[in-house]
Each structure stands twice: as C-alpha cells, then as structure tokens.
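A.B. asks: input_2.cif is the file, holding mmCIF, C-alpha atoms, pLDDT in the B column; chains and numbers go by the auth columns:
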```
data_protein
loop_
_atom_site.group_PDB
_atom_site.id
_atom_site.type_symbol
_atom_site.label_atom_id
_atom_site.label_comp_id
_atom_site.label_asym_id
_atom_site.label_seq_id
_atom_site.Cartn_x
_atom_site.Cartn_y
_atom_site.Cartn_z
_atom_site.B_iso_or_equiv
_atom_site.auth_seq_id
_atom_site.auth_asym_id
ATOM 1 C CA MET A 1 -27.052 104.122 -57.867 50.00 14 A
ATOM 2 C CA ASP A 2 -24.249 102.138 -56.315 56.00 15 A
ATOM 3 C CA ASP A 3 -21.500 104.197 -57.986 62.00 16 A
ATOM 4 C CA GLU A 4 -22.427 107.475 -56.304 61.00 17 A
ATOM 5 C CA PRO A 5 -20.871 108.162 -52.915 57.00 18 A
ATOM 6 C CA SER A 6 -23.216 108.548 -50.002 60.00 19 A
ATOM 7 C CA TYR A 7 -24.005 112.061 -48.811 70.00 20 A
ATOM 8 C CA SER A 8 -21.775 111.652 -45.786 83.00 21 A
ATOM 9 C CA LEU A 9 -18.800 110.541 -47.910 83.00 22 A
ATOM 10 C CA ARG A 10 -19.469 113.293 -50.466 80.00 23 A
ATOM 11 C CA ASP A 11 -19.709 115.892 -47.686 84.00 24 A
ATOM 12 C CA GLU A 12 -16.527 114.564 -46.123 85.00 25 A
ATOM 13 C CA ILE A 13 -14.673 114.810 -49.446 82.00 26 A
ATOM 14 C CA LEU A 14 -16.003 118.319 -50.108 81.00 27 A
ATOM 15 C CA THR A 15 -14.982 119.436 -46.622 83.00 28 A
ATOM 16 C CA TYR A 16 -11.503 117.999 -47.149 80.00 29 A
ATOM 17 C CA LEU A 17 -11.187 119.633 -50.575 77.00 30 A
ATOM 18 C CA LYS A 18 -12.283 122.988 -49.178 79.00 31 A
ATOM 19 C CA SER A 19 -9.744 122.725 -46.367 81.00 32 A
ATOM 20 C CA LEU A 20 -6.989 121.705 -48.790 76.00 33 A
ATOM 21 C CA ALA A 21 -7.871 124.493 -51.232 72.00 34 A
ATOM 22 C CA ASN A 22 -7.847 127.097 -48.453 75.00 35 A
ATOM 23 C CA ALA A 23 -4.456 125.907 -47.227 75.00 36 A
ATOM 24 C CA LEU A 24 -2.958 125.872 -50.728 71.00 37 A
ATOM 25 C CA TYR A 25 -4.478 129.225 -51.601 69.00 38 A
ATOM 26 C CA SER A 26 -3.146 130.911 -48.478 71.00 39 A
ATOM 27 C CA ARG A 27 0.351 129.415 -48.839 74.00 40 A
ATOM 28 C CA TYR A 28 0.741 129.848 -52.609 70.00 41 A
ATOM 29 C CA LYS A 29 1.746 133.506 -52.393 71.00 42 A
ATOM 30 C CA ASP A 30 4.445 132.594 -49.853 75.00 43 A
ATOM 31 C CA ILE A 31 6.297 130.582 -52.494 74.00 44 A
ATOM 32 C CA ASP A 32 9.118 132.679 -53.914 72.00 45 A
ATOM 33 C CA CYS A 33 9.684 130.594 -57.016 72.00 46 A
ATOM 34 C CA PHE A 34 9.630 127.022 -58.186 68.00 47 A
ATOM 35 C CA PRO A 35 12.772 125.064 -59.081 68.00 48 A
ATOM 36 C CA ASP A 36 13.514 125.126 -62.798 64.00 49 A
ATOM 37 C CA ASP A 37 12.673 121.434 -63.231 65.00 50 A
ATOM 38 C CA TYR A 38 9.670 121.301 -60.904 60.00 51 A
ATOM 39 C CA ARG A 39 7.086 120.999 -63.685 57.00 52 A
ATOM 40 C CA TYR A 40 8.846 118.013 -65.160 56.00 53 A
ATOM 41 C CA LYS A 41 9.535 116.167 -61.909 60.00 54 A
ATOM 42 C CA TYR A 42 6.012 116.428 -60.550 60.00 55 A
ATOM 43 C CA ILE A 43 3.520 115.954 -63.351 63.00 56 A
ATOM 44 C CA GLN A 44 0.557 116.553 -61.021 65.00 57 A
ATOM 45 C CA THR A 45 1.496 120.239 -61.035 63.00 58 A
ATOM 46 C CA GLU A 46 0.160 120.372 -64.582 64.00 59 A
ATOM 47 C CA HIS A 47 -3.298 119.720 -63.162 66.00 60 A
ATOM 48 C CA VAL A 48 -3.254 121.279 -59.713 66.00 61 A
ATOM 49 C CA LEU A 49 -1.327 124.554 -60.032 63.00 62 A
ATOM 50 C CA PRO A 50 -3.495 126.103 -62.752 63.00 63 A
ATOM 51 C CA LEU A 51 -6.529 125.535 -60.533 63.00 64 A
ATOM 52 C CA ILE A 52 -4.845 127.073 -57.496 61.00 65 A
ATOM 53 C CA GLN A 53 -3.444 130.095 -59.258 60.00 66 A
ATOM 54 C CA ALA A 54 -6.618 131.067 -61.109 60.00 67 A
ATOM 55 C CA GLY A 55 -7.292 133.698 -58.446 59.00 68 A
ATOM 56 C CA PHE A 56 -3.769 135.095 -58.564 61.00 69 A
ATOM 57 C CA TYR A 57 -1.923 137.194 -61.110 59.00 70 A
ATOM 58 C CA LYS A 58 -4.944 137.770 -63.355 57.00 71 A
ATOM 59 C CA GLY A 59 -5.073 133.999 -63.963 55.00 72 A
ATOM 60 C CA TYR A 60 -1.555 133.799 -65.387 55.00 73 A
ATOM 61 C CA PHE A 61 1.649 132.304 -64.017 56.00 74 A
ATOM 62 C CA PRO A 62 0.727 129.009 -62.379 53.00 75 A
ATOM 63 C CA TYR A 63 4.459 128.371 -62.073 55.00 76 A
ATOM 64 C CA LYS A 64 5.439 131.923 -61.111 72.00 77 A
ATOM 65 C CA PHE A 65 8.999 132.529 -62.294 81.00 78 A
ATOM 66 C CA SER A 66 11.569 129.769 -62.050 81.00 79 A
ATOM 67 C CA LYS A 67 14.525 130.092 -59.693 85.00 80 A
ATOM 68 C CA SER A 68 16.919 130.877 -62.548 88.00 81 A
ATOM 69 C CA GLN A 69 14.539 133.549 -63.858 89.00 82 A
ATOM 70 C CA MET A 70 14.213 135.078 -60.383 90.00 83 A
ATOM 71 C CA ASP A 71 18.009 135.143 -60.087 92.00 84 A
ATOM 72 C CA ILE A 72 18.240 137.058 -63.380 93.00 85 A
ATOM 73 C CA ILE A 73 15.485 139.456 -62.298 94.00 86 A
ATOM 74 C CA ARG A 74 17.039 140.091 -58.886 93.00 87 A
ATOM 75 C CA ASN A 75 20.503 140.681 -60.356 93.00 88 A
ATOM 76 C CA SER A 76 19.314 143.178 -62.979 94.00 89 A
ATOM 77 C CA ASN A 77 19.630 146.909 -62.605 95.00 90 A
ATOM 78 C CA ARG A 78 16.191 147.312 -64.153 96.00 91 A
ATOM 79 C CA VAL A 79 13.290 145.065 -65.139 97.00 92 A
ATOM 80 C CA LEU A 80 11.384 146.050 -68.269 97.00 93 A
ATOM 81 C CA ILE A 81 7.842 144.710 -68.364 96.00 94 A
ATOM 82 C CA TYR A 82 7.262 144.618 -72.114 96.00 95 A
ATOM 83 C CA GLY A 83 3.498 144.952 -72.495 91.00 96 A
ATOM 84 C CA ARG A 84 0.890 146.951 -70.587 86.00 97 A
ATOM 85 C CA GLY A 85 -2.073 144.592 -70.705 87.00 98 A
ATOM 86 C CA LYS A 86 -3.395 142.048 -68.228 86.00 99 A
ATOM 87 C CA VAL A 87 -0.249 139.927 -68.430 87.00 100 A
ATOM 88 C CA GLY A 88 1.873 143.000 -67.688 90.00 101 A
ATOM 89 C CA GLU A 89 -0.290 143.769 -64.671 88.00 102 A
ATOM 90 C CA ALA A 90 0.132 140.170 -63.525 85.00 103 A
ATOM 91 C CA VAL A 91 3.928 140.447 -63.901 89.00 104 A
ATOM 92 C CA GLU A 92 3.842 143.632 -61.835 91.00 105 A
ATOM 93 C CA GLU A 93 1.830 141.874 -59.121 86.00 106 A
ATOM 94 C CA LEU A 94 4.344 139.016 -59.047 86.00 107 A
ATOM 95 C CA LEU A 95 7.311 141.396 -58.829 91.00 108 A
ATOM 96 C CA VAL A 96 5.759 143.523 -56.088 90.00 109 A
ATOM 97 C CA GLU A 97 4.886 140.378 -54.141 85.00 110 A
ATOM 98 C CA ARG A 98 8.566 139.382 -54.255 88.00 111 A
ATOM 99 C CA GLY A 99 9.725 142.844 -53.153 92.00 112 A
ATOM 100 C CA ILE A 100 11.066 143.874 -56.555 94.00 113 A
ATOM 101 C CA SER A 101 10.418 147.534 -57.311 95.00 114 A
ATOM 102 C CA ASN A 102 13.013 148.376 -59.977 96.00 115 A
ATOM 103 C CA TYR A 103 10.665 147.785 -62.911 96.00 116 A
ATOM 104 C CA THR A 104 9.301 149.900 -65.725 95.00 117 A
ATOM 105 C CA PHE A 105 6.524 149.190 -68.190 95.00 118 A
ATOM 106 C CA VAL A 106 7.613 149.574 -71.812 96.00 119 A
ATOM 107 C CA VAL A 107 5.805 149.417 -75.119 95.00 120 A
ATOM 108 C CA THR A 108 6.941 149.200 -78.734 94.00 121 A
ATOM 109 C CA GLN A 109 5.477 152.561 -79.734 90.00 122 A
ATOM 110 C CA SER A 110 4.124 155.185 -77.384 85.00 123 A
ATOM 111 C CA GLU A 111 0.534 156.277 -77.764 82.00 124 A
ATOM 112 C CA ASN A 112 1.028 159.050 -75.213 80.00 125 A
ATOM 113 C CA SER A 113 3.922 160.833 -73.556 76.00 126 A
ATOM 114 C CA ASN A 114 3.532 158.879 -70.308 81.00 127 A
ATOM 115 C CA GLU A 115 4.583 155.546 -71.828 84.00 128 A
ATOM 116 C CA ALA A 116 8.184 154.398 -71.946 92.00 129 A
ATOM 117 C CA VAL A 117 9.346 152.925 -75.248 94.00 130 A
ATOM 118 C CA ILE A 118 11.609 149.870 -75.253 96.00 131 A
ATOM 119 C CA SER A 119 14.001 151.431 -77.789 95.00 132 A
ATOM 120 C CA ASP A 120 14.805 154.162 -75.234 94.00 133 A
ATOM 121 C CA TRP A 121 16.518 151.476 -73.149 95.00 134 A
ATOM 122 C CA ILE A 122 18.942 150.297 -75.881 95.00 135 A
ATOM 123 C CA PRO A 123 21.945 152.121 -74.322 95.00 136 A
ATOM 124 C CA MET A 124 21.368 150.168 -71.067 94.00 137 A
ATOM 125 C CA LYS A 125 20.420 146.852 -72.684 94.00 138 A
ATOM 126 C CA LYS A 126 23.207 144.870 -70.983 92.00 139 A
ATOM 127 C CA ASN A 127 21.985 145.911 -67.534 92.00 140 A
ATOM 128 C CA VAL A 128 18.275 145.188 -67.900 96.00 141 A
ATOM 129 C CA VAL A 129 16.048 142.163 -68.183 97.00 142 A
ATOM 130 C CA VAL A 130 13.015 142.234 -70.465 98.00 143 A
ATOM 131 C CA ILE A 131 9.965 140.226 -69.426 96.00 144 A
ATOM 132 C CA ILE A 132 7.674 139.536 -72.368 95.00 145 A
ATOM 133 C CA SER A 133 4.193 140.260 -71.055 92.00 146 A
ATOM 134 C CA SER A 134 1.783 139.183 -73.746 90.00 147 A
ATOM 135 C CA THR A 135 0.364 135.843 -74.747 86.00 148 A
ATOM 136 C CA LYS A 136 -1.050 137.117 -78.023 90.00 149 A
ATOM 137 C CA TYR A 137 2.004 139.092 -79.193 92.00 150 A
ATOM 138 C CA CYS A 138 4.710 137.074 -77.455 92.00 151 A
ATOM 139 C CA ASP A 139 6.626 136.132 -80.623 95.00 152 A
ATOM 140 C CA GLU A 140 6.426 139.649 -82.028 96.00 153 A
ATOM 141 C CA LEU A 141 7.636 141.269 -78.782 96.00 154 A
ATOM 142 C CA TYR A 142 10.442 138.734 -78.413 97.00 155 A
ATOM 143 C CA LYS A 143 11.602 139.347 -81.991 97.00 156 A
ATOM 144 C CA ASN A 144 11.516 143.109 -81.507 97.00 157 A
ATOM 145 C CA ALA A 145 13.496 142.907 -78.252 97.00 158 A
ATOM 146 C CA THR A 146 16.161 140.665 -79.816 97.00 159 A
ATOM 147 C CA ASP A 147 16.311 142.840 -82.949 97.00 160 A
ATOM 148 C CA LEU A 148 17.014 145.810 -80.662 97.00 161 A
ATOM 149 C CA GLY A 149 19.902 143.867 -79.100 97.00 162 A
ATOM 150 C CA PHE A 150 18.410 142.854 -75.772 97.00 163 A
ATOM 151 C CA THR A 151 19.763 139.501 -74.595 96.00 164 A
ATOM 152 C CA ASN A 152 18.324 139.071 -71.087 95.00 165 A
ATOM 153 C CA ILE A 153 14.780 138.209 -72.098 96.00 166 A
ATOM 154 C CA ILE A 154 12.324 136.161 -70.076 94.00 167 A
ATOM 155 C CA ILE A 155 9.296 134.556 -71.676 90.00 168 A
ATOM 156 C CA PRO A 156 7.131 133.307 -68.801 81.00 169 A
ATOM 157 C CA GLN A 157 5.358 129.959 -68.891 72.00 170 A
ATOM 158 C CA PHE A 158 1.634 130.518 -69.195 59.00 171 A
#
```
Show this structure as structure tokens.
C.D. replies:
Amino acid sequence: MDDEPSYSLRDEILTYLKSLANALYSRYKDIDCFPDDYRYKYIQTEHVLPLIQAGFYKGYFPYKFSKSQMDIIRNSNRVLIYGRGKVGEAVEELLVERGISNYTFVVTQSENSNEAVISDWIPMKKNVVVIISSTKYCDELYKNATDLGFTNIIIPQF
C-alpha cells in the first residue's frame, strides 16, 4: 500500500517517539505546577499530558495542581486529604514530590480509631486547606466540607 510508511520511516518515527516520551517522562516530575490558564492556552495538552502522566500519581492529575492551588497549599498550616482511596494516595504522592509534609488524611466517618475525621478539624477550618480526593464521591465530599464550614477547598482537575 502506498499510504503506509516504509519500515525505515516507521522505525525512525518510533525511535523519535520513544526518545520524546523518555524525555517528557523524566522531566514531568520536575514540573512544580502548571499556570492556571495553561490548559486553555495550549489545547494540545488535552491530548498529550494524559498520556504522559498515566504512569504517575496512580493515573490521576495530568495537570498536577495549578499555581494558585499550590500557593494555597503552601500557605496553609495543614493540608487535609479528604479521601483515603487511590486518588488520596495520588494526592499524597504529589505533595511529597513537592516537599509538602504537613498533610493528614481525613474521612467523613471513621471505621477505626486510626483514621482522622474531617469534623475534628472544624475548630481549625480557617487555617487548613481541604483537597477533595475522590472522583466518585467528589460532589458529596465537597458538600460535606462546605456544610462543615470549610472554605479553602481544592477540587483537582482529573
């Protein structure tokens, strides 16, 4: 067929793609955060970043946190990761990667004495940021956090 590239061209493209993927993969973790408007300025990120990030952060967070979100996180006395599932683990990985260690996992209701409950943090609600860490229960967790009076709430872009 005339439409198929020759083996040498195909091999050349595959070699280039492998080199590009390796470079992007190795440099991706070095990126602190993306500008708030990055997704909208560079539409190709909608296609490329999800492919790059699939190996990072449990497959979540192609855009990491935005600069404004990172500023809120860094200026908080405490970061509450609201949700203990895979998304919560991915948030933890992102925070640790950025050198942020002042975080606590919280849940709505404790199933054992080792889990922190979000309502325990109500007295300190003005000094903490809550990161919603669930795709499935995002709306429910957000509503609960706002009903409890938390105002610094981050809902990541998935």
A.B. asks: Give me the residues within 10 Å of Trp134 in chain A as a PyMOL selection string, counting all atoms listed in the file and dropping any in the same chain fewer than 3 places off.
C.D. replies: chain A and resi 91+93+119+129-131+137-141+161+163
A.B. asks: May I have the residues within 12 Å of Gly98 in chain A as a list in words, using all atoms listed in the file and disregarding those fewer than 6 positions away in the same chain?
C.D. replies: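 So, after excluding close chain neighbours, the residues are Lys71, Val104, Glu105, Phe118, Val119, Val120, Ile145, Ser146, Ser147, Thr148, Lys149 and Tyr150 of chain A.
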A.B. asks: Would you translate the PyMOL selection byres ((chain A and resi 45) around 10) into the concrete set of residues it matches in this file, as a list of chain:residue names?
C.D. replies: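 Evaluating the PyMOL selection byres ((chain A and resi 45) around 10) on this file yields A:Tyr41, A:Lys42, A:Asp43, A:Ile44, A:Cys46, A:Phe47, A:Pro48, A:Lys77, A:Phe78, A:Ser79, A:Lys80, A:Met83, A:Leu107, A:Glu110, A:Arg111.
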A.B. asks: For each of A:Val142, A:Asp24, A:Gly162, A:Lys156, take the minimum atom-to-atom distance to Ile85 in chain A, counting only C-alpha atoms, then give the residue where this is smallest.
C.D. replies: A:Val142
A.B. asks: Would you mind reading off the distance between CA of Ile86 in chain A and CA of Glu102 in chain A, one decimal, in Å?
C.D. replies: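 Result for CA of Ile86 in chain A versus CA of Glu102 in chain A: 16.5 Å, one decimal.
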A.B. asks: For CA of Arg40 in chain A and CA of Gly101 in chain A, quote the distance in Å rounded to one decimal.
C.D. replies: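 Separation between CA of Arg40 in chain A and CA of Gly101 in chain A: 23.3 Å.
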A.B. asks: Quick one, how far is CA of Val143 in chain A from CA of Ala158 in chain A?
C.D. replies: 7.8 Å
A.B. asks: Find, counting all atoms listed in the file, the residue in A:Cys151, A:Ala34, A:Ile94, A:Ile135 that gets nearest to Asn115 in chain A.
C.D. replies: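 Of A:Cys151, A:Ala34, A:Ile94, A:Ile135, the one nearest Asn115 in chain A, counting all atoms listed in the file, is A:Ile94.
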A.B. asks: Return as lines of an AutoDock Vina configuration file the box centre and box size in Å, one decimal, for an axis-aligned box around all listed atoms of range 79-89 of chain A padded by 5 Å per side.
C.D. replies:
```
center_x = 16.0
center_y = 136.5
center_z = -61.4
size_x = 18.9
size_y = 23.4
size_z = 15.0
```
